[in-house]
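Structure file upload_15.cif (mmCIF, N, CA and C atoms and all ligand atoms) is printed below.
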```
data_input
loop_
_atom_site.label_atom_id
_atom_site.label_comp_id
_atom_site.auth_asym_id
_atom_site.auth_seq_id
_atom_site.Cartn_x
_atom_site.Cartn_y
_atom_site.Cartn_z
N MET A 1 168.62 105.09 74.07
CA MET A 1 168.14 103.74 73.75
C MET A 1 167.13 103.81 72.61
N PRO A 2 167.62 104.15 71.40
CA PRO A 2 166.70 104.36 70.28
C PRO A 2 165.86 103.14 69.93
N ASN A 3 166.43 101.96 70.11
CA ASN A 3 165.67 100.75 69.76
C ASN A 3 164.56 100.45 70.75
N GLU A 4 164.59 101.13 71.88
CA GLU A 4 163.56 100.88 72.87
C GLU A 4 162.64 102.08 73.04
N ALA A 5 162.65 102.96 72.04
CA ALA A 5 161.81 104.15 72.13
C ALA A 5 160.34 103.75 72.25
N VAL A 6 159.64 104.48 73.08
CA VAL A 6 158.22 104.24 73.26
C VAL A 6 157.49 104.65 71.99
N ILE A 7 156.67 103.75 71.45
CA ILE A 7 155.93 104.10 70.24
C ILE A 7 154.48 104.47 70.55
N GLY A 8 154.02 104.16 71.76
CA GLY A 8 152.63 104.50 72.04
C GLY A 8 152.24 104.17 73.46
N ILE A 9 150.97 104.44 73.75
CA ILE A 9 150.43 104.07 75.06
C ILE A 9 149.24 103.14 74.83
N GLY A 10 149.06 102.25 75.79
CA GLY A 10 147.96 101.29 75.70
C GLY A 10 146.98 101.52 76.85
N ILE A 11 145.70 101.59 76.52
CA ILE A 11 144.67 101.78 77.53
C ILE A 11 143.79 100.54 77.54
N PHE A 12 143.68 99.91 78.71
CA PHE A 12 142.98 98.63 78.77
C PHE A 12 142.55 98.35 80.21
N CYS A 13 141.63 97.41 80.38
CA CYS A 13 141.21 96.97 81.72
C CYS A 13 142.28 96.05 82.29
N SER A 14 142.62 96.26 83.56
CA SER A 14 143.71 95.51 84.17
C SER A 14 143.26 94.19 84.82
N ASP A 15 142.05 93.75 84.54
CA ASP A 15 141.56 92.46 85.04
C ASP A 15 142.58 91.36 84.71
N PRO A 16 143.17 90.71 85.72
CA PRO A 16 144.25 89.75 85.45
C PRO A 16 143.79 88.30 85.28
N ARG A 17 142.48 88.07 85.34
CA ARG A 17 142.03 86.67 85.30
C ARG A 17 142.34 86.02 83.96
N PRO A 18 142.60 84.71 83.98
CA PRO A 18 142.82 84.00 82.73
C PRO A 18 141.60 84.20 81.81
N GLY A 19 141.85 84.49 80.55
CA GLY A 19 140.77 84.74 79.62
C GLY A 19 140.36 86.19 79.59
N ALA A 20 140.79 86.97 80.58
CA ALA A 20 140.48 88.40 80.61
C ALA A 20 141.75 89.24 80.71
N ASN A 21 142.91 88.59 80.74
CA ASN A 21 144.17 89.32 80.93
C ASN A 21 144.55 90.05 79.64
N LEU A 22 144.01 91.25 79.48
CA LEU A 22 144.15 91.97 78.22
C LEU A 22 145.59 92.37 77.92
N TRP A 23 146.32 92.80 78.93
CA TRP A 23 147.71 93.23 78.69
C TRP A 23 148.54 92.07 78.17
N LYS A 24 148.37 90.90 78.76
CA LYS A 24 149.10 89.72 78.30
C LYS A 24 148.74 89.40 76.84
N GLU A 25 147.46 89.47 76.54
CA GLU A 25 147.02 89.15 75.17
C GLU A 25 147.44 90.24 74.19
N MET A 26 147.43 91.49 74.62
CA MET A 26 147.88 92.59 73.74
C MET A 26 149.33 92.39 73.36
N LYS A 27 150.17 92.04 74.36
CA LYS A 27 151.60 91.85 74.08
C LYS A 27 151.80 90.68 73.14
N LYS A 28 150.95 89.67 73.28
CA LYS A 28 151.08 88.48 72.44
C LYS A 28 150.57 88.72 71.02
N ARG A 29 149.46 89.49 70.90
CA ARG A 29 148.77 89.55 69.61
C ARG A 29 148.80 90.91 68.89
N LEU A 30 149.00 92.01 69.63
CA LEU A 30 148.85 93.33 69.02
C LEU A 30 150.12 94.17 69.02
N VAL A 31 151.08 93.83 69.86
CA VAL A 31 152.29 94.64 69.99
C VAL A 31 153.48 93.80 69.55
N HIS A 32 154.25 94.34 68.58
CA HIS A 32 155.44 93.64 68.13
C HIS A 32 156.51 93.65 69.22
N VAL A 33 157.36 92.63 69.22
CA VAL A 33 158.35 92.49 70.29
C VAL A 33 159.28 93.69 70.40
N GLU A 34 159.55 94.35 69.26
CA GLU A 34 160.47 95.49 69.29
C GLU A 34 159.77 96.80 69.64
N GLU A 35 158.46 96.75 69.83
CA GLU A 35 157.72 97.96 70.17
C GLU A 35 157.56 98.09 71.68
N THR A 36 157.65 99.33 72.17
CA THR A 36 157.42 99.58 73.58
C THR A 36 156.16 100.42 73.72
N ILE A 37 155.21 99.85 74.41
CA ILE A 37 153.94 100.53 74.69
C ILE A 37 153.89 100.79 76.19
N VAL A 38 153.53 102.01 76.58
CA VAL A 38 153.35 102.33 78.00
C VAL A 38 151.97 101.79 78.42
N PRO A 39 151.95 100.84 79.35
CA PRO A 39 150.65 100.27 79.73
C PRO A 39 149.90 101.13 80.74
N LEU A 40 148.72 101.61 80.33
CA LEU A 40 147.84 102.32 81.25
C LEU A 40 146.68 101.37 81.55
N GLY A 41 146.96 100.43 82.44
CA GLY A 41 145.95 99.44 82.81
C GLY A 41 145.25 99.84 84.08
N VAL A 42 143.94 99.88 84.04
CA VAL A 42 143.14 100.22 85.21
C VAL A 42 141.83 99.43 85.08
N LEU A 43 141.25 99.04 86.20
CA LEU A 43 139.99 98.31 86.11
C LEU A 43 138.94 99.18 85.41
N GLY A 44 138.29 98.61 84.41
CA GLY A 44 137.35 99.38 83.59
C GLY A 44 137.99 99.91 82.32
N GLY A 45 139.32 100.00 82.33
CA GLY A 45 140.04 100.45 81.13
C GLY A 45 139.49 101.74 80.57
N PRO A 46 139.16 101.73 79.27
CA PRO A 46 138.78 102.98 78.60
C PRO A 46 137.31 103.37 78.75
N ILE A 47 136.51 102.60 79.49
CA ILE A 47 135.06 102.86 79.41
C ILE A 47 134.67 104.23 79.95
N SER A 48 135.48 104.81 80.84
CA SER A 48 135.15 106.16 81.33
C SER A 48 135.29 107.20 80.23
N LEU A 49 136.10 106.92 79.21
CA LEU A 49 136.27 107.88 78.12
C LEU A 49 135.01 107.95 77.26
N ALA A 50 134.22 106.88 77.27
CA ALA A 50 132.97 106.85 76.51
C ALA A 50 131.77 107.21 77.37
N ASN A 51 131.95 107.21 78.69
CA ASN A 51 130.84 107.47 79.62
C ASN A 51 131.31 108.48 80.67
N GLN A 52 131.72 109.63 80.18
CA GLN A 52 132.37 110.63 81.03
C GLN A 52 131.44 111.17 82.10
N ASP A 53 130.17 111.35 81.77
CA ASP A 53 129.23 111.90 82.75
C ASP A 53 128.90 110.88 83.84
N ASP A 54 128.95 109.60 83.50
CA ASP A 54 128.63 108.55 84.47
C ASP A 54 129.83 108.20 85.36
N LEU A 55 131.04 108.39 84.83
CA LEU A 55 132.25 107.99 85.55
C LEU A 55 133.25 109.16 85.58
N PRO A 56 132.87 110.28 86.18
CA PRO A 56 133.76 111.47 86.12
C PRO A 56 135.08 111.29 86.85
N THR A 57 135.08 110.58 87.97
CA THR A 57 136.32 110.37 88.71
C THR A 57 137.29 109.53 87.90
N GLU A 58 136.76 108.43 87.34
CA GLU A 58 137.59 107.54 86.53
C GLU A 58 138.09 108.28 85.28
N PHE A 59 137.21 109.09 84.69
CA PHE A 59 137.59 109.85 83.50
C PHE A 59 138.75 110.80 83.81
N ASN A 60 138.62 111.57 84.88
CA ASN A 60 139.67 112.54 85.22
C ASN A 60 140.99 111.85 85.56
N PHE A 61 140.91 110.73 86.28
CA PHE A 61 142.11 109.97 86.61
C PHE A 61 142.80 109.48 85.33
N LEU A 62 142.02 108.89 84.44
CA LEU A 62 142.61 108.34 83.22
C LEU A 62 143.20 109.44 82.34
N MET A 63 142.51 110.56 82.24
CA MET A 63 143.04 111.67 81.43
C MET A 63 144.36 112.18 82.02
N ALA A 64 144.44 112.25 83.35
CA ALA A 64 145.70 112.68 83.99
C ALA A 64 146.82 111.71 83.64
N GLN A 65 146.51 110.41 83.64
CA GLN A 65 147.50 109.39 83.28
C GLN A 65 147.94 109.54 81.82
N ILE A 66 146.99 109.78 80.95
CA ILE A 66 147.31 109.92 79.52
C ILE A 66 148.21 111.14 79.29
N TYR A 67 147.83 112.28 79.88
CA TYR A 67 148.64 113.49 79.70
C TYR A 67 150.04 113.30 80.27
N PHE A 68 150.12 112.65 81.43
CA PHE A 68 151.44 112.41 82.02
C PHE A 68 152.28 111.51 81.12
N ALA A 69 151.67 110.45 80.61
CA ALA A 69 152.39 109.51 79.75
C ALA A 69 152.89 110.20 78.49
N LEU A 70 152.05 111.02 77.87
CA LEU A 70 152.46 111.69 76.63
C LEU A 70 153.55 112.73 76.88
N ALA A 71 153.50 113.37 78.04
CA ALA A 71 154.54 114.35 78.37
C ALA A 71 155.86 113.66 78.70
N THR A 72 155.78 112.50 79.35
CA THR A 72 156.97 111.78 79.76
C THR A 72 157.62 111.02 78.60
N PHE A 73 156.78 110.56 77.68
CA PHE A 73 157.27 109.75 76.55
C PHE A 73 156.86 110.43 75.24
N PRO A 74 157.57 111.51 74.88
CA PRO A 74 157.15 112.29 73.70
C PRO A 74 157.31 111.54 72.37
N THR A 75 158.00 110.38 72.39
CA THR A 75 158.11 109.60 71.16
C THR A 75 156.84 108.79 70.89
N ALA A 76 155.92 108.78 71.82
CA ALA A 76 154.66 108.05 71.63
C ALA A 76 153.85 108.69 70.50
N LYS A 77 153.49 107.88 69.52
CA LYS A 77 152.76 108.40 68.36
C LYS A 77 151.40 107.73 68.19
N ARG A 78 151.10 106.77 69.04
CA ARG A 78 149.82 106.08 68.87
C ARG A 78 149.21 105.74 70.22
N ILE A 79 147.90 105.59 70.20
CA ILE A 79 147.18 105.12 71.38
C ILE A 79 146.45 103.85 70.97
N LEU A 80 146.76 102.79 71.68
CA LEU A 80 146.13 101.50 71.44
C LEU A 80 145.11 101.28 72.55
N VAL A 81 143.84 101.17 72.17
CA VAL A 81 142.77 101.06 73.15
C VAL A 81 142.11 99.69 73.03
N VAL A 82 142.00 99.00 74.16
CA VAL A 82 141.39 97.67 74.17
C VAL A 82 140.31 97.62 75.23
N SER A 83 139.17 97.05 74.86
CA SER A 83 138.10 96.85 75.83
C SER A 83 137.60 95.42 75.75
N HIS A 84 136.71 95.08 76.66
CA HIS A 84 136.16 93.73 76.67
C HIS A 84 134.79 93.76 77.35
N ASP A 85 134.19 92.62 77.55
CA ASP A 85 132.88 92.54 78.22
C ASP A 85 133.12 92.80 79.70
N CYS A 86 133.31 94.07 80.03
CA CYS A 86 133.89 94.46 81.32
C CYS A 86 132.85 94.55 82.44
N GLY A 87 133.21 93.98 83.58
CA GLY A 87 132.34 94.05 84.75
C GLY A 87 132.21 95.45 85.31
N TYR A 88 133.12 96.33 84.94
CA TYR A 88 133.07 97.70 85.47
C TYR A 88 131.83 98.45 84.98
N TYR A 89 131.21 97.97 83.90
CA TYR A 89 129.96 98.61 83.42
C TYR A 89 128.89 98.57 84.51
N ASN A 90 128.99 97.62 85.44
CA ASN A 90 128.01 97.56 86.53
C ASN A 90 128.08 98.77 87.45
N GLN A 91 129.16 99.54 87.36
CA GLN A 91 129.28 100.76 88.15
C GLN A 91 128.35 101.86 87.63
N ILE A 92 127.91 101.70 86.38
CA ILE A 92 126.96 102.66 85.80
C ILE A 92 125.57 102.07 86.02
N ARG A 93 124.88 102.56 87.06
CA ARG A 93 123.63 101.92 87.47
C ARG A 93 122.41 102.46 86.75
N SER A 94 122.57 103.57 86.01
CA SER A 94 121.42 104.20 85.38
C SER A 94 120.93 103.46 84.14
N ARG A 95 121.73 102.55 83.59
CA ARG A 95 121.32 101.81 82.40
C ARG A 95 122.13 100.53 82.28
N THR A 96 121.72 99.69 81.34
CA THR A 96 122.44 98.44 81.10
C THR A 96 123.10 98.51 79.72
N PHE A 97 124.11 97.72 79.54
CA PHE A 97 124.88 97.73 78.30
C PHE A 97 124.89 96.33 77.68
N THR A 98 124.53 96.26 76.41
CA THR A 98 124.66 95.01 75.68
C THR A 98 126.12 94.87 75.23
N LEU A 99 126.45 93.69 74.74
CA LEU A 99 127.80 93.49 74.21
C LEU A 99 128.08 94.48 73.07
N LEU A 100 127.05 94.71 72.24
CA LEU A 100 127.21 95.65 71.12
C LEU A 100 127.42 97.08 71.64
N ASP A 101 126.70 97.45 72.69
CA ASP A 101 126.91 98.77 73.29
C ASP A 101 128.37 98.92 73.73
N LYS A 102 128.90 97.85 74.33
CA LYS A 102 130.28 97.90 74.83
C LYS A 102 131.28 98.01 73.68
N GLU A 103 131.01 97.30 72.58
CA GLU A 103 131.87 97.44 71.39
C GLU A 103 131.76 98.86 70.83
N ASN A 104 130.53 99.37 70.73
CA ASN A 104 130.33 100.70 70.16
C ASN A 104 130.93 101.80 71.02
N ASP A 105 131.09 101.55 72.31
CA ASP A 105 131.76 102.54 73.15
C ASP A 105 133.18 102.81 72.65
N LEU A 106 133.80 101.82 72.03
CA LEU A 106 135.16 102.02 71.51
C LEU A 106 135.17 103.03 70.36
N ILE A 107 134.08 103.12 69.61
CA ILE A 107 133.99 104.13 68.55
C ILE A 107 133.94 105.52 69.20
N LYS A 108 133.15 105.63 70.28
CA LYS A 108 133.10 106.90 71.01
C LYS A 108 134.48 107.25 71.56
N VAL A 109 135.16 106.25 72.13
CA VAL A 109 136.49 106.48 72.69
C VAL A 109 137.45 106.96 71.60
N ALA A 110 137.42 106.29 70.45
CA ALA A 110 138.32 106.67 69.35
C ALA A 110 138.04 108.09 68.89
N ASN A 111 136.77 108.43 68.73
CA ASN A 111 136.42 109.80 68.29
C ASN A 111 136.89 110.83 69.31
N PHE A 112 136.68 110.53 70.58
CA PHE A 112 137.11 111.45 71.62
C PHE A 112 138.62 111.64 71.61
N LEU A 113 139.37 110.55 71.56
CA LEU A 113 140.83 110.64 71.61
C LEU A 113 141.41 111.31 70.37
N LYS A 114 140.81 111.02 69.19
CA LYS A 114 141.29 111.65 67.96
C LYS A 114 141.06 113.15 67.98
N GLU A 115 139.95 113.56 68.58
CA GLU A 115 139.68 115.00 68.67
C GLU A 115 140.62 115.66 69.68
N ARG A 116 140.87 114.97 70.80
CA ARG A 116 141.72 115.53 71.85
C ARG A 116 143.20 115.52 71.47
N PHE A 117 143.60 114.43 70.75
CA PHE A 117 145.02 114.26 70.38
C PHE A 117 145.13 114.02 68.87
N PRO A 118 144.89 115.05 68.06
CA PRO A 118 144.84 114.84 66.60
C PRO A 118 146.17 114.40 66.00
N GLU A 119 147.28 114.59 66.73
CA GLU A 119 148.59 114.21 66.21
C GLU A 119 148.88 112.72 66.40
N LEU A 120 148.02 112.01 67.14
CA LEU A 120 148.26 110.60 67.43
C LEU A 120 147.35 109.69 66.61
N VAL A 121 147.85 108.49 66.33
CA VAL A 121 147.05 107.47 65.67
C VAL A 121 146.33 106.67 66.75
N VAL A 122 145.02 106.54 66.63
CA VAL A 122 144.24 105.82 67.63
C VAL A 122 143.65 104.56 66.99
N THR A 123 143.92 103.41 67.61
CA THR A 123 143.30 102.17 67.14
C THR A 123 142.60 101.50 68.32
N THR A 124 141.47 100.87 68.03
CA THR A 124 140.70 100.23 69.10
C THR A 124 140.37 98.78 68.75
N TYR A 125 140.38 97.95 69.78
CA TYR A 125 140.08 96.53 69.62
C TYR A 125 139.18 96.07 70.77
N PHE A 126 138.31 95.12 70.45
CA PHE A 126 137.46 94.52 71.47
C PHE A 126 137.85 93.05 71.62
N TRP A 127 138.14 92.66 72.85
CA TRP A 127 138.54 91.27 73.12
C TRP A 127 137.30 90.38 73.09
N THR A 128 137.39 89.30 72.32
CA THR A 128 136.27 88.35 72.26
C THR A 128 136.55 87.16 73.15
N ASN A 129 137.46 86.30 72.72
CA ASN A 129 137.84 85.14 73.52
C ASN A 129 139.18 84.61 73.00
N LYS A 130 139.69 83.59 73.68
CA LYS A 130 141.02 83.04 73.33
C LYS A 130 141.09 82.60 71.87
N GLU A 131 140.00 82.00 71.38
CA GLU A 131 140.02 81.45 70.03
C GLU A 131 139.99 82.58 68.98
N ALA A 132 139.06 83.51 69.14
CA ALA A 132 138.88 84.57 68.15
C ALA A 132 139.80 85.77 68.41
N GLY A 133 140.27 85.93 69.62
CA GLY A 133 141.19 87.04 69.91
C GLY A 133 140.51 88.39 69.91
N PHE A 134 141.22 89.37 69.31
CA PHE A 134 140.73 90.74 69.28
C PHE A 134 139.98 91.03 67.98
N LYS A 135 138.90 91.80 68.10
CA LYS A 135 138.16 92.27 66.93
C LYS A 135 138.50 93.75 66.76
N LYS A 136 139.00 94.12 65.58
CA LYS A 136 139.34 95.54 65.36
C LYS A 136 138.06 96.34 65.19
N ILE A 137 137.94 97.40 65.97
CA ILE A 137 136.74 98.25 65.90
C ILE A 137 137.01 99.49 65.06
N SER A 138 138.13 100.13 65.32
CA SER A 138 138.45 101.33 64.52
C SER A 138 139.97 101.53 64.50
ZN ZN B 201 137.27 94.76 82.66
#
```
Could you write out this file's structure as structure tokens?
Amino acid sequence: MPNEAVIGIGIFCSDPRPGANLWKEMKKRLVHVEETIVPLGVLGGPISLANQDDLPTEFNFLMAQIYFALATFPTAKRILVVSHDCGYYNQIRSRTFTLLDKENDLIKVANFLKERFPELVVTTYFWTNKEAGFKKIS
């Protein structure tokens, strides 16, 4: 099924509420209809990749998912990472995060993923709202 080859994996928070449903918005705004992205949706999405010491369980789980996805879908050439003003940050009790901190975490995530998977293209977006949509971070 060459026309349905997986082109990448998507990492995002799986919060399904209206206005926070990132996977629905990604499919509408960031993924072309002919592209197949493997959705790695989990509550908190990519934030454990930027806060590995604070969220080691989440980090290890997500890394296992990423490695499995890349092994199962070797045609994947990109990682699409999306974050938002996520409630999962409350799980990190040692400090608080501003909206800018949460956006900047995507830069950390991109740097980490590019170093770990240099053969893949990594792009990151931060969800703002229905009107403004996604803001490209890197
Ligand atoms: Zn979230």
Rank nothing, just name the residue among A:Arg93, A:Lys27, A:Lys77, A:Lys102 nearest to ligand ZN 201 (chain B), using only C-alpha atoms and all ligand atoms.
->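 Among the listed residues, the smallest separation from ligand ZN 201 (chain B) belongs to A:Lys102.
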Alpha helix (DSSP H) residues, from DSSP on the backbone, in chain A, as a JSON list (two decimals) with N, CA and C atoms, in the coordinates of the input:
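Result file is selection-v1.json:
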```json
[["chain", "number", "residue", "atom", "x", "y", "z"],
["A", 22, "LEU", "N", 144.01, 91.25, 79.48],
["A", 22, "LEU", "CA", 144.15, 91.97, 78.22],
["A", 22, "LEU", "C", 145.59, 92.37, 77.92],
["A", 23, "TRP", "N", 146.32, 92.80, 78.93],
["A", 23, "TRP", "CA", 147.71, 93.23, 78.69],
["A", 23, "TRP", "C", 148.54, 92.07, 78.17],
["A", 24, "LYS", "N", 148.37, 90.90, 78.76],
["A", 24, "LYS", "CA", 149.10, 89.72, 78.30],
["A", 24, "LYS", "C", 148.74, 89.40, 76.84],
["A", 25, "GLU", "N", 147.46, 89.47, 76.54],
["A", 25, "GLU", "CA", 147.02, 89.15, 75.17],
["A", 25, "GLU", "C", 147.44, 90.24, 74.19],
["A", 26, "MET", "N", 147.43, 91.49, 74.62],
["A", 26, "MET", "CA", 147.88, 92.59, 73.74],
["A", 26, "MET", "C", 149.33, 92.39, 73.36],
["A", 27, "LYS", "N", 150.17, 92.04, 74.36],
["A", 27, "LYS", "CA", 151.60, 91.85, 74.08],
["A", 27, "LYS", "C", 151.80, 90.68, 73.14],
["A", 28, "LYS", "N", 150.95, 89.67, 73.28],
["A", 28, "LYS", "CA", 151.08, 88.48, 72.44],
["A", 28, "LYS", "C", 150.57, 88.72, 71.02],
["A", 29, "ARG", "N", 149.46, 89.49, 70.90],
["A", 29, "ARG", "CA", 148.77, 89.55, 69.61],
["A", 29, "ARG", "C", 148.80, 90.91, 68.89],
["A", 47, "ILE", "N", 136.51, 102.60, 79.49],
["A", 47, "ILE", "CA", 135.06, 102.86, 79.41],
["A", 47, "ILE", "C", 134.67, 104.23, 79.95],
["A", 48, "SER", "N", 135.48, 104.81, 80.84],
["A", 48, "SER", "CA", 135.15, 106.16, 81.33],
["A", 48, "SER", "C", 135.29, 107.20, 80.23],
["A", 49, "LEU", "N", 136.10, 106.92, 79.21],
["A", 49, "LEU", "CA", 136.27, 107.88, 78.12],
["A", 49, "LEU", "C", 135.01, 107.95, 77.26],
["A", 50, "ALA", "N", 134.22, 106.88, 77.27],
["A", 50, "ALA", "CA", 132.97, 106.85, 76.51],
["A", 50, "ALA", "C", 131.77, 107.21, 77.37],
["A", 56, "PRO", "N", 132.87, 110.28, 86.18],
["A", 56, "PRO", "CA", 133.76, 111.47, 86.12],
["A", 56, "PRO", "C", 135.08, 111.29, 86.85],
["A", 57, "THR", "N", 135.08, 110.58, 87.97],
["A", 57, "THR", "CA", 136.32, 110.37, 88.71],
["A", 57, "THR", "C", 137.29, 109.53, 87.90],
["A", 58, "GLU", "N", 136.76, 108.43, 87.34],
["A", 58, "GLU", "CA", 137.59, 107.54, 86.53],
["A", 58, "GLU", "C", 138.09, 108.28, 85.28],
["A", 59, "PHE", "N", 137.21, 109.09, 84.69],
["A", 59, "PHE", "CA", 137.59, 109.85, 83.50],
["A", 59, "PHE", "C", 138.75, 110.80, 83.81],
["A", 60, "ASN", "N", 138.62, 111.57, 84.88],
["A", 60, "ASN", "CA", 139.67, 112.54, 85.22],
["A", 60, "ASN", "C", 140.99, 111.85, 85.56],
["A", 61, "PHE", "N", 140.91, 110.73, 86.28],
["A", 61, "PHE", "CA", 142.11, 109.97, 86.61],
["A", 61, "PHE", "C", 142.80, 109.48, 85.33],
["A", 62, "LEU", "N", 142.02, 108.89, 84.44],
["A", 62, "LEU", "CA", 142.61, 108.34, 83.22],
["A", 62, "LEU", "C", 143.20, 109.44, 82.34],
["A", 63, "MET", "N", 142.51, 110.56, 82.24],
["A", 63, "MET", "CA", 143.04, 111.67, 81.43],
["A", 63, "MET", "C", 144.36, 112.18, 82.02],
["A", 64, "ALA", "N", 144.44, 112.25, 83.35],
["A", 64, "ALA", "CA", 145.70, 112.68, 83.99],
["A", 64, "ALA", "C", 146.82, 111.71, 83.64],
["A", 65, "GLN", "N", 146.51, 110.41, 83.64],
["A", 65, "GLN", "CA", 147.50, 109.39, 83.28],
["A", 65, "GLN", "C", 147.94, 109.54, 81.82],
["A", 66, "ILE", "N", 146.99, 109.78, 80.95],
["A", 66, "ILE", "CA", 147.31, 109.92, 79.52],
["A", 66, "ILE", "C", 148.21, 111.14, 79.29],
["A", 67, "TYR", "N", 147.83, 112.28, 79.88],
["A", 67, "TYR", "CA", 148.64, 113.49, 79.70],
["A", 67, "TYR", "C", 150.04, 113.30, 80.27],
["A", 68, "PHE", "N", 150.12, 112.65, 81.43],
["A", 68, "PHE", "CA", 151.44, 112.41, 82.02],
["A", 68, "PHE", "C", 152.28, 111.51, 81.12],
["A", 69, "ALA", "N", 151.67, 110.45, 80.61],
["A", 69, "ALA", "CA", 152.39, 109.51, 79.75],
["A", 69, "ALA", "C", 152.89, 110.20, 78.49],
["A", 70, "LEU", "N", 152.05, 111.02, 77.87],
["A", 70, "LEU", "CA", 152.46, 111.69, 76.63],
["A", 70, "LEU", "C", 153.55, 112.73, 76.88],
["A", 71, "ALA", "N", 153.50, 113.37, 78.04],
["A", 71, "ALA", "CA", 154.54, 114.35, 78.37],
["A", 71, "ALA", "C", 155.86, 113.66, 78.70],
["A", 72, "THR", "N", 155.78, 112.50, 79.35],
["A", 72, "THR", "CA", 156.97, 111.78, 79.76],
["A", 72, "THR", "C", 157.62, 111.02, 78.60],
["A", 99, "LEU", "N", 126.45, 93.69, 74.74],
["A", 99, "LEU", "CA", 127.80, 93.49, 74.21],
["A", 99, "LEU", "C", 128.08, 94.48, 73.07],
["A", 100, "LEU", "N", 127.05, 94.71, 72.24],
["A", 100, "LEU", "CA", 127.21, 95.65, 71.12],
["A", 100, "LEU", "C", 127.42, 97.08, 71.64],
["A", 101, "ASP", "N", 126.70, 97.45, 72.69],
["A", 101, "ASP", "CA", 126.91, 98.77, 73.29],
["A", 101, "ASP", "C", 128.37, 98.92, 73.73],
["A", 102, "LYS", "N", 128.90, 97.85, 74.33],
["A", 102, "LYS", "CA", 130.28, 97.90, 74.83],
["A", 102, "LYS", "C", 131.28, 98.01, 73.68],
["A", 103, "GLU", "N", 131.01, 97.30, 72.58],
["A", 103, "GLU", "CA", 131.87, 97.44, 71.39],
["A", 103, "GLU", "C", 131.76, 98.86, 70.83],
["A", 104, "ASN", "N", 130.53, 99.37, 70.73],
["A", 104, "ASN", "CA", 130.33, 100.70, 70.16],
["A", 104, "ASN", "C", 130.93, 101.80, 71.02],
["A", 105, "ASP", "N", 131.09, 101.55, 72.31],
["A", 105, "ASP", "CA", 131.76, 102.54, 73.15],
["A", 105, "ASP", "C", 133.18, 102.81, 72.65],
["A", 106, "LEU", "N", 133.80, 101.82, 72.03],
["A", 106, "LEU", "CA", 135.16, 102.02, 71.51],
["A", 106, "LEU", "C", 135.17, 103.03, 70.36],
["A", 107, "ILE", "N", 134.08, 103.12, 69.61],
["A", 107, "ILE", "CA", 133.99, 104.13, 68.55],
["A", 107, "ILE", "C", 133.94, 105.52, 69.20],
["A", 108, "LYS", "N", 133.15, 105.63, 70.28],
["A", 108, "LYS", "CA", 133.10, 106.90, 71.01],
["A", 108, "LYS", "C", 134.48, 107.25, 71.56],
["A", 109, "VAL", "N", 135.16, 106.25, 72.13],
["A", 109, "VAL", "CA", 136.49, 106.48, 72.69],
["A", 109, "VAL", "C", 137.45, 106.96, 71.60],
["A", 110, "ALA", "N", 137.42, 106.29, 70.45],
["A", 110, "ALA", "CA", 138.32, 106.67, 69.35],
["A", 110, "ALA", "C", 138.04, 108.09, 68.89],
["A", 111, "ASN", "N", 136.77, 108.43, 68.73],
["A", 111, "ASN", "CA", 136.42, 109.80, 68.29],
["A", 111, "ASN", "C", 136.89, 110.83, 69.31],
["A", 112, "PHE", "N", 136.68, 110.53, 70.58],
["A", 112, "PHE", "CA", 137.11, 111.45, 71.62],
["A", 112, "PHE", "C", 138.62, 111.64, 71.61],
["A", 113, "LEU", "N", 139.37, 110.55, 71.56],
["A", 113, "LEU", "CA", 140.83, 110.64, 71.61],
["A", 113, "LEU", "C", 141.41, 111.31, 70.37],
["A", 114, "LYS", "N", 140.81, 111.02, 69.19],
["A", 114, "LYS", "CA", 141.29, 111.65, 67.96],
["A", 114, "LYS", "C", 141.06, 113.15, 67.98],
["A", 115, "GLU", "N", 139.95, 113.56, 68.58],
["A", 115, "GLU", "CA", 139.68, 115.00, 68.67],
["A", 115, "GLU", "C", 140.62, 115.66, 69.68],
["A", 116, "ARG", "N", 140.87, 114.97, 70.80],
["A", 116, "ARG", "CA", 141.72, 115.53, 71.85],
["A", 116, "ARG", "C", 143.20, 115.52, 71.47]]
```
Just how far from atom N of Val6 of chain A is atom N of Phe68 of chain A, in Å to one decimal?
->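 If I compute the distance from atom N of Phe68 of chain A to atom N of Val6 of chain A, I get 15.1 Å.
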Let me have all residues with an atom within 6.5 Å of ligand ZN 201 (chain B), counting all atoms listed in the file, laid out as a count of residues only.
-> 11
Exercise: segment 126-135 of chain A partners within 7 Å, all atoms listed in the file, chain neighbours under 6 positions left out, as a count of residues only | 7
So that all listed atoms of segment 127-131 of chain A fit with 3 Å spare on each side, what axis-aligned box centre and edge lengths in Å, to one decimal, would you give as JSON?
```
{"center_x": 138.7, "center_y": 87.1, "center_z": 71.3, "size_x": 10.8, "size_y": 17.2, "size_z": 10.7}
```
If you run DSSP over the backbone, which residues in segment 23-112 of chain A end up strand (DSSP E)? Put them as a PyMOL selection string.
-> chain A and resi 36-41+78-83
